[in-house]
>>> print(open('data-v5.cif').read())   # mmCIF, C-alpha atoms (C1' of nucleotides)
data_model
#
loop_
_atom_site.label_atom_id
_atom_site.label_comp_id
_atom_site.auth_asym_id
_atom_site.auth_seq_id
_atom_site.Cartn_x
_atom_site.Cartn_y
_atom_site.Cartn_z
CA MET R 6 -100.04 169.71 -91.83
CA ARG R 7 -97.46 172.48 -91.54
CA ALA R 8 -95.04 170.48 -93.62
CA HIS R 9 -97.68 170.50 -96.33
CA TYR R 10 -99.10 174.03 -96.08
CA GLY R 11 -96.47 175.97 -94.21
CA HIS R 12 -97.29 178.25 -91.32
CA LEU R 13 -100.61 179.87 -92.20
CA ARG R 14 -101.37 183.45 -91.29
CA TRP R 15 -104.91 182.73 -91.70
CA TRP R 16 -108.24 184.28 -90.91
CA PRO R 17 -109.13 186.36 -93.99
CA GLY R 18 -109.96 189.77 -92.64
CA GLU R 19 -107.72 192.77 -92.28
CA THR R 20 -109.01 194.00 -88.95
CA PRO R 21 -110.53 192.36 -85.87
CA PHE R 22 -113.84 193.94 -86.78
CA GLU R 23 -113.75 192.40 -90.23
CA VAL R 24 -113.04 189.06 -88.61
CA CYS R 25 -116.14 189.39 -86.42
CA VAL R 26 -118.37 190.37 -89.31
CA GLY R 27 -116.94 187.55 -91.41
CA ALA R 28 -117.50 185.05 -88.60
CA ILE R 29 -121.23 185.74 -88.70
CA LEU R 30 -121.53 185.95 -92.47
CA THR R 31 -119.70 182.69 -93.12
CA GLN R 32 -122.22 180.59 -91.20
CA ASN R 33 -122.98 177.65 -93.47
CA THR R 34 -121.61 179.56 -96.45
CA THR R 35 -118.47 179.63 -98.56
CA TRP R 36 -115.88 182.24 -97.76
CA THR R 37 -115.73 183.58 -101.31
CA SER R 38 -119.34 184.73 -100.99
CA VAL R 39 -118.52 186.42 -97.72
CA GLU R 40 -115.58 188.22 -99.32
CA ARG R 41 -117.83 189.77 -101.92
CA ALA R 42 -120.24 191.10 -99.32
CA ILE R 43 -117.44 192.48 -97.16
CA ALA R 44 -115.72 194.03 -100.17
CA GLY R 45 -118.95 195.82 -101.07
CA LEU R 46 -119.40 197.17 -97.58
CA LYS R 47 -115.79 198.27 -97.43
CA GLN R 48 -116.07 199.95 -100.81
CA ALA R 49 -119.07 201.90 -99.53
CA GLY R 50 -117.19 202.92 -96.42
CA LEU R 51 -119.69 201.18 -94.17
CA LEU R 52 -117.37 198.67 -92.53
CA ASP R 53 -117.16 200.09 -89.05
CA PRO R 54 -119.35 199.34 -86.04
CA ARG R 55 -121.35 202.56 -85.86
CA GLY R 56 -121.67 203.02 -89.60
CA LEU R 57 -122.93 199.49 -90.04
CA TYR R 58 -125.30 199.73 -87.11
CA ALA R 59 -126.76 202.92 -88.56
CA LEU R 60 -128.01 201.01 -91.59
CA PRO R 61 -131.64 199.90 -91.50
CA GLU R 62 -131.89 196.15 -91.32
CA ALA R 63 -133.46 195.79 -94.76
CA GLU R 64 -130.69 197.84 -96.32
CA LEU R 65 -128.02 195.85 -94.54
CA ALA R 66 -129.66 192.67 -95.80
CA GLY R 67 -129.23 193.96 -99.35
CA TRP R 68 -125.48 194.14 -98.88
CA LEU R 69 -125.45 190.62 -97.44
CA ARG R 70 -127.38 189.07 -100.30
CA PRO R 71 -124.39 187.17 -101.79
CA THR R 72 -123.83 185.27 -98.55
CA GLY R 73 -127.24 183.61 -98.49
CA TYR R 74 -129.64 183.72 -95.52
CA PHE R 75 -129.29 187.47 -95.85
CA ASN R 76 -132.32 188.40 -93.75
CA VAL R 77 -131.22 186.13 -90.92
CA LYS R 78 -127.65 187.36 -91.11
CA ALA R 79 -128.68 191.01 -91.14
CA ARG R 80 -130.61 190.42 -87.93
CA ARG R 81 -127.72 188.51 -86.35
CA LEU R 82 -125.11 191.03 -87.37
CA ARG R 83 -127.22 193.84 -85.97
CA ALA R 84 -127.63 191.97 -82.71
CA PHE R 85 -123.86 191.75 -82.45
CA LEU R 86 -123.46 195.42 -83.32
CA ARG R 87 -126.09 196.43 -80.79
CA THR R 88 -124.03 194.78 -78.06
CA LEU R 89 -120.72 196.11 -79.35
CA VAL R 90 -121.92 199.68 -79.74
CA GLY R 91 -124.33 199.80 -76.84
CA GLU R 92 -122.35 197.98 -74.17
CA PHE R 93 -118.75 198.42 -75.21
CA ASP R 94 -118.71 201.82 -76.88
CA ALA R 95 -118.02 200.22 -80.29
CA ASP R 96 -114.63 199.11 -78.96
CA LEU R 97 -113.67 195.50 -79.64
CA GLU R 98 -110.83 195.68 -77.13
CA ARG R 99 -113.36 196.34 -74.43
CA LEU R 100 -115.58 193.52 -75.64
CA PHE R 101 -112.71 191.07 -75.56
CA ALA R 102 -111.21 192.27 -72.27
CA GLY R 103 -111.44 189.80 -69.40
CA ALA R 104 -111.39 186.07 -68.89
CA THR R 105 -112.04 183.92 -71.94
CA ALA R 106 -114.98 182.11 -70.37
CA VAL R 107 -116.68 185.36 -69.42
CA VAL R 108 -116.24 186.95 -72.84
CA ARG R 109 -117.39 183.75 -74.50
CA ALA R 110 -120.55 183.66 -72.41
CA ARG R 111 -121.29 187.25 -73.35
CA LEU R 112 -120.93 186.44 -77.05
CA LEU R 113 -123.12 183.34 -76.76
CA ALA R 114 -125.83 185.46 -75.17
CA ILE R 115 -126.17 187.37 -78.45
CA PRO R 116 -128.88 185.77 -80.59
CA GLY R 117 -127.29 184.36 -83.74
CA ILE R 118 -123.89 183.73 -82.21
CA GLY R 119 -123.36 180.07 -81.40
CA PRO R 120 -120.26 178.22 -80.22
CA GLU R 121 -118.36 178.18 -83.50
CA THR R 122 -118.98 181.83 -84.30
CA ALA R 123 -118.04 182.85 -80.75
CA ASP R 124 -114.85 180.81 -80.77
CA SER R 125 -113.87 182.17 -84.19
CA MET R 126 -114.21 185.70 -82.89
CA LEU R 127 -112.33 184.89 -79.70
CA LEU R 128 -109.46 183.14 -81.44
CA TYR R 129 -108.96 185.33 -84.49
CA ALA R 130 -110.19 188.74 -83.36
CA GLY R 131 -109.89 188.68 -79.59
CA GLY R 132 -106.56 187.01 -78.93
CA HIS R 133 -108.14 184.32 -76.78
CA GLY R 134 -107.09 180.69 -76.94
CA SER R 135 -110.53 179.29 -77.66
CA PHE R 136 -110.46 176.40 -80.07
CA VAL R 137 -112.85 176.46 -83.03
CA ILE R 138 -114.71 173.27 -83.85
CA ASP R 139 -116.25 173.30 -87.30
CA ALA R 140 -117.63 170.78 -89.75
CA TYR R 141 -114.13 170.09 -91.09
CA THR R 142 -112.65 169.49 -87.67
CA LYS R 143 -115.42 167.10 -86.77
CA ARG R 144 -115.21 165.21 -90.04
CA ILE R 145 -111.42 164.89 -89.96
CA PHE R 146 -111.38 163.66 -86.38
CA SER R 147 -114.26 161.25 -86.77
CA ARG R 148 -112.85 159.77 -89.98
CA HIS R 149 -109.63 159.04 -88.12
CA GLY R 150 -111.61 157.36 -85.40
CA TRP R 151 -110.52 159.96 -82.85
CA CYS R 152 -114.06 160.91 -81.90
CA ALA R 153 -117.60 159.75 -82.49
CA PRO R 154 -119.21 161.15 -85.65
CA ASP R 155 -121.89 162.90 -83.60
CA VAL R 156 -119.51 164.16 -80.90
CA ALA R 157 -120.73 167.18 -78.97
CA TYR R 158 -119.06 170.51 -79.67
CA ALA R 159 -117.70 170.94 -76.17
CA GLU R 160 -116.34 167.42 -76.05
CA LEU R 161 -114.29 167.70 -79.23
CA GLN R 162 -113.15 171.14 -78.20
CA GLN R 163 -111.83 169.76 -74.93
CA LEU R 164 -110.02 167.00 -76.80
CA CYS R 165 -108.31 169.48 -79.10
CA ALA R 166 -107.47 171.87 -76.30
CA ARG R 167 -106.02 169.12 -74.16
CA ALA R 168 -103.86 167.85 -77.00
CA LEU R 169 -102.36 171.32 -77.40
CA SER R 170 -101.98 172.28 -73.77
CA GLU R 171 -100.22 169.02 -72.93
CA MET R 172 -97.38 170.03 -75.24
CA PRO R 173 -96.11 173.36 -73.87
CA PRO R 174 -94.33 174.64 -77.02
CA THR R 175 -97.60 174.37 -78.90
CA ALA R 176 -99.76 176.05 -76.29
CA THR R 177 -99.48 179.51 -77.80
CA LEU R 178 -102.12 181.67 -79.39
CA ASP R 179 -100.28 181.60 -82.69
CA TYR R 180 -100.21 177.83 -82.67
CA TRP R 181 -103.90 177.57 -81.84
CA GLN R 182 -104.80 179.89 -84.67
CA ASP R 183 -102.61 177.97 -87.06
CA TYR R 184 -103.94 174.60 -85.95
CA HIS R 185 -107.53 175.43 -86.84
CA ALA R 186 -106.42 177.03 -90.10
CA GLN R 187 -104.54 173.87 -91.05
CA LEU R 188 -107.57 171.72 -90.30
CA VAL R 189 -109.74 173.85 -92.57
CA MET R 190 -107.21 173.52 -95.39
CA VAL R 191 -107.01 169.77 -94.96
CA GLY R 192 -110.78 169.61 -94.78
CA LYS R 193 -111.21 171.53 -98.02
CA ASP R 194 -108.51 169.73 -99.96
CA PHE R 195 -108.74 166.16 -98.72
CA CYS R 196 -111.73 165.56 -96.48
CA ARG R 197 -114.82 166.58 -98.43
CA PRO R 198 -118.01 164.71 -97.57
CA ARG R 199 -118.47 163.18 -101.04
CA SER R 200 -115.07 162.73 -102.56
CA PRO R 201 -112.39 162.49 -99.91
CA ARG R 202 -108.79 162.15 -101.09
CA CYS R 203 -107.54 160.32 -98.03
CA ALA R 204 -104.65 158.68 -99.89
CA GLU R 205 -103.04 162.08 -100.52
CA CYS R 206 -103.97 163.68 -97.20
CA PRO R 207 -101.08 165.07 -95.14
CA LEU R 208 -102.59 163.33 -92.12
CA ARG R 209 -102.34 159.96 -93.86
CA PRO R 210 -99.36 158.81 -91.74
CA LEU R 211 -101.52 159.16 -88.65
CA LEU R 212 -103.82 156.39 -89.80
CA PRO R 213 -104.91 154.08 -88.40
CA GLU R 214 -103.62 155.15 -84.96
CA GLY R 215 -103.62 158.87 -84.21
CA PRO R 216 -101.56 160.55 -81.50
CA LEU R 217 -104.65 161.82 -79.79
CA ASN R 218 -106.63 158.66 -79.34
CA ALA R 219 -104.26 156.62 -77.22
CA PRO R 220 -105.93 157.30 -73.86
CA LEU R 221 -109.39 157.39 -75.36
CA ALA R 222 -111.96 154.87 -76.33
CA ARG R 223 -111.62 153.86 -79.97
CA HIS R 224 -114.43 154.90 -82.24
CA PRO R 225 -115.53 153.17 -85.39
CA ARG R 226 -113.92 154.94 -88.32
CA ARG R 227 -117.10 156.06 -89.94
CA GLU R 228 -119.13 159.20 -90.18
"C1'" DT F 28 -128.75 169.27 -112.33
"C1'" DG F 29 -128.64 168.71 -107.85
"C1'" DC F 30 -126.07 169.16 -103.91
"C1'" DC F 31 -123.38 171.56 -100.75
"C1'" DA F 32 -121.04 175.49 -98.11
"C1'" DG F 33 -116.18 177.00 -91.87
"C1'" DG F 34 -124.42 177.45 -88.29
"C1'" DC F 35 -128.01 178.72 -85.48
"C1'" DC F 36 -132.69 179.05 -83.84
"C1'" DG F 37 -137.41 177.70 -82.69
"C1'" DG F 38 -140.99 174.46 -82.45
"C1'" DG F 39 -142.18 169.92 -82.01
"C1'" DT F 40 -141.76 165.24 -79.69
"C1'" DA Y 22 -132.84 166.13 -74.09
"C1'" DC Y 23 -132.98 165.26 -78.96
"C1'" DC Y 24 -134.89 165.99 -83.80
"C1'" DC Y 25 -136.09 168.73 -87.65
"C1'" DG Y 26 -137.33 172.31 -90.83
"C1'" DG Y 27 -136.25 176.98 -92.15
"C1'" DC Y 28 -133.16 180.27 -93.74
"C1'" DA Y 29 -131.13 181.57 -99.58
"C1'" DT Y 30 -127.29 182.57 -102.76
"C1'" DG Y 31 -123.44 180.94 -105.66
"C1'" DG Y 32 -120.24 177.33 -107.39
"C1'" DC Y 33 -118.81 172.99 -109.13
#
>>> encode(input="data-v5.cif", output="structure tokens")
Amino acid sequence: MRAHYGHLRWWPGETPFEVCVGAILTQNTTWTSVERAIAGLKQAGLLDPRGLYALPEAELAGWLRPTGYFNVKARRLRAFLRTLVGEFDADLERLFAGATAVVRARLLAIPGIGPETADSMLLYAGGHGSFVIDAYTKRIFSRHGWCAPDVAYAELQQLCARALSEMPPTATLDYWQDYHAQLVMVGKDFCRPRSPRCAECPLRPLLPEGPLNAPLARHPRRE
DNA sequence: TGCCAGGCCGGGT
DNA sequence: ACCCGGCATGGC
């Protein structure tokens, strides 16, 4: 994937806080829509924890309109901000301080933050090696027969994490961040649900046998 | 034109 | 423990 895309410096977002906001807003939504909403907030000088939390929910929802589900996302974003401001003095470094599993559990306890959103924040804003499993990751792996199409989040995450940690040079934060970024690119360009372009996919040489599936049960190559 | 996008939650079996 | 509908705008 790197041979195809180069080393990606990826998560769009200029600050860790932007990354966290983006992680919530991009739930089941295209990133271009999220960019518009974030640009508007930034333009208005509202893109900081206390400023954003000071907005009434209905007003916040107005800014989030382009991202879809704006009422839901306003509520979820405010739940995150309530924790960040109220428990961690609006300081992301405090929120992310500590063991990965502990921080992750704290994030998951916030209503509206599920496993993918939590892992995105941990990996791209918090400096934690917590692998993100998204729709692309699942589709790419299941189409290669490396996991079942309905694999559980935690199971695929463990598979990915094991593959990285077993090769020491790749077990770095930078590599983990890049790995997920590469999968998203491959997913967008070659592994769409309707019209996959498998013949041109950079992962093509890995078919039919992947490097990850050797010790594992083979799965039928189907979604 | 209809279908989909880097999910998550709550209520029902 | 699963299964499913709801949430909503923008883009191809």
>>> closest_atom_pairs(input="data-v5.cif", of="chain R", to="chain Y", cutoff="7 Å", atoms="only C-alpha atoms (C1' of nucleotides)", output="CSV")
residue,atom,partner,partner_atom,distance
R:Arg70,CA,Y:DT30,C1',7.0
R:Pro71,CA,Y:DT30,C1',5.5
R:Thr72,CA,Y:DT30,C1',6.1
R:Gly73,CA,Y:DT30,C1',4.4
R:Tyr74,CA,Y:DA29,C1',4.8
R:Val77,CA,Y:DC28,C1',6.8
>>> resolve_selection(input="data-v5.cif", expression="the PyMOL selection byres ((chain R and resi 110-122) around 6)", output="PyMOL selection string")
(chain R and resi 28+81+107-109+123-125+137) or (chain F and resi 35)
>>> resolve_selection(input="data-v5.cif", expression="the PyMOL selection byres ((chain F) within 7 of (chain R))", output="ChimeraX atom specification")
/F:32-35
>>> atom_distance(input="data-v5.cif", atom1="CA of Met6 in chain R", atom2="CA of Cys206 in chain R")
9.0 Å
>>> closest_residue(input="data-v5.cif", among="R:His9, R:Arg41, R:Arg148, R:His133", to="Ala104 in chain R", atoms="only C-alpha atoms")
R:His133
>>> atom_distance(input="data-v5.cif", atom1="CA of Tyr184 in chain R", atom2="CA of Leu13 in chain R")
8.8 Å
>>> closest_residue(input="data-v5.cif", among="R:Thr105, R:Thr175, R:Ser147, R:Thr37", to="Leu128 in chain R", atoms="only C-alpha atoms")
R:Thr105
>>> atom_distance(input="data-v5.cif", atom1="CA of Ala42 in chain R", atom2="CA of Leu69 in chain R")
5.6 Å
>>> axis_aligned_box(input="data-v5.cif", around="range 35-42 of chain R", padding_each_side="6 Å", output="lines of an AutoDock Vina configuration file")
center_x = -117.9
center_y = 185.4
center_z = -99.8
size_x = 16.7
size_y = 23.5
size_z = 16.2
>>> resolve_selection(input="data-v5.cif", expression="the PyMOL selection byres ((chain R and resi 132) around 12)", output="PDB file with C-alpha atoms, keeping the file's coordinate frame")
ATOM      1  CA  PRO R  21    -110.530 192.360 -85.870  1.00  0.00           C
ATOM      2  CA  VAL R  24    -113.040 189.060 -88.610  1.00  0.00           C
ATOM      3  CA  LEU R  97    -113.670 195.500 -79.640  1.00  0.00           C
ATOM      4  CA  GLU R  98    -110.830 195.680 -77.130  1.00  0.00           C
ATOM      5  CA  LEU R 100    -115.580 193.520 -75.640  1.00  0.00           C
ATOM      6  CA  PHE R 101    -112.710 191.070 -75.560  1.00  0.00           C
ATOM      7  CA  ALA R 102    -111.210 192.270 -72.270  1.00  0.00           C
ATOM      8  CA  GLY R 103    -111.440 189.800 -69.400  1.00  0.00           C
ATOM      9  CA  ALA R 104    -111.390 186.070 -68.890  1.00  0.00           C
ATOM     10  CA  THR R 105    -112.040 183.920 -71.940  1.00  0.00           C
ATOM     11  CA  VAL R 108    -116.240 186.950 -72.840  1.00  0.00           C
ATOM     12  CA  ASP R 124    -114.850 180.810 -80.770  1.00  0.00           C
ATOM     13  CA  SER R 125    -113.870 182.170 -84.190  1.00  0.00           C
ATOM     14  CA  MET R 126    -114.210 185.700 -82.890  1.00  0.00           C
ATOM     15  CA  LEU R 127    -112.330 184.890 -79.700  1.00  0.00           C
ATOM     16  CA  LEU R 128    -109.460 183.140 -81.440  1.00  0.00           C
ATOM     17  CA  TYR R 129    -108.960 185.330 -84.490  1.00  0.00           C
ATOM     18  CA  ALA R 130    -110.190 188.740 -83.360  1.00  0.00           C
ATOM     19  CA  GLY R 131    -109.890 188.680 -79.590  1.00  0.00           C
ATOM     20  CA  HIS R 133    -108.140 184.320 -76.780  1.00  0.00           C
ATOM     21  CA  GLY R 134    -107.090 180.690 -76.940  1.00  0.00           C
ATOM     22  CA  SER R 135    -110.530 179.290 -77.660  1.00  0.00           C
ATOM     23  CA  PHE R 136    -110.460 176.400 -80.070  1.00  0.00           C
ATOM     24  CA  THR R 177     -99.480 179.510 -77.800  1.00  0.00           C
ATOM     25  CA  LEU R 178    -102.120 181.670 -79.390  1.00  0.00           C
ATOM     26  CA  ASP R 179    -100.280 181.600 -82.690  1.00  0.00           C
ATOM     27  CA  TYR R 180    -100.210 177.830 -82.670  1.00  0.00           C
ATOM     28  CA  TRP R 181    -103.900 177.570 -81.840  1.00  0.00           C
ATOM     29  CA  GLN R 182    -104.800 179.890 -84.670  1.00  0.00           C
TER      30      GLN R 182
END
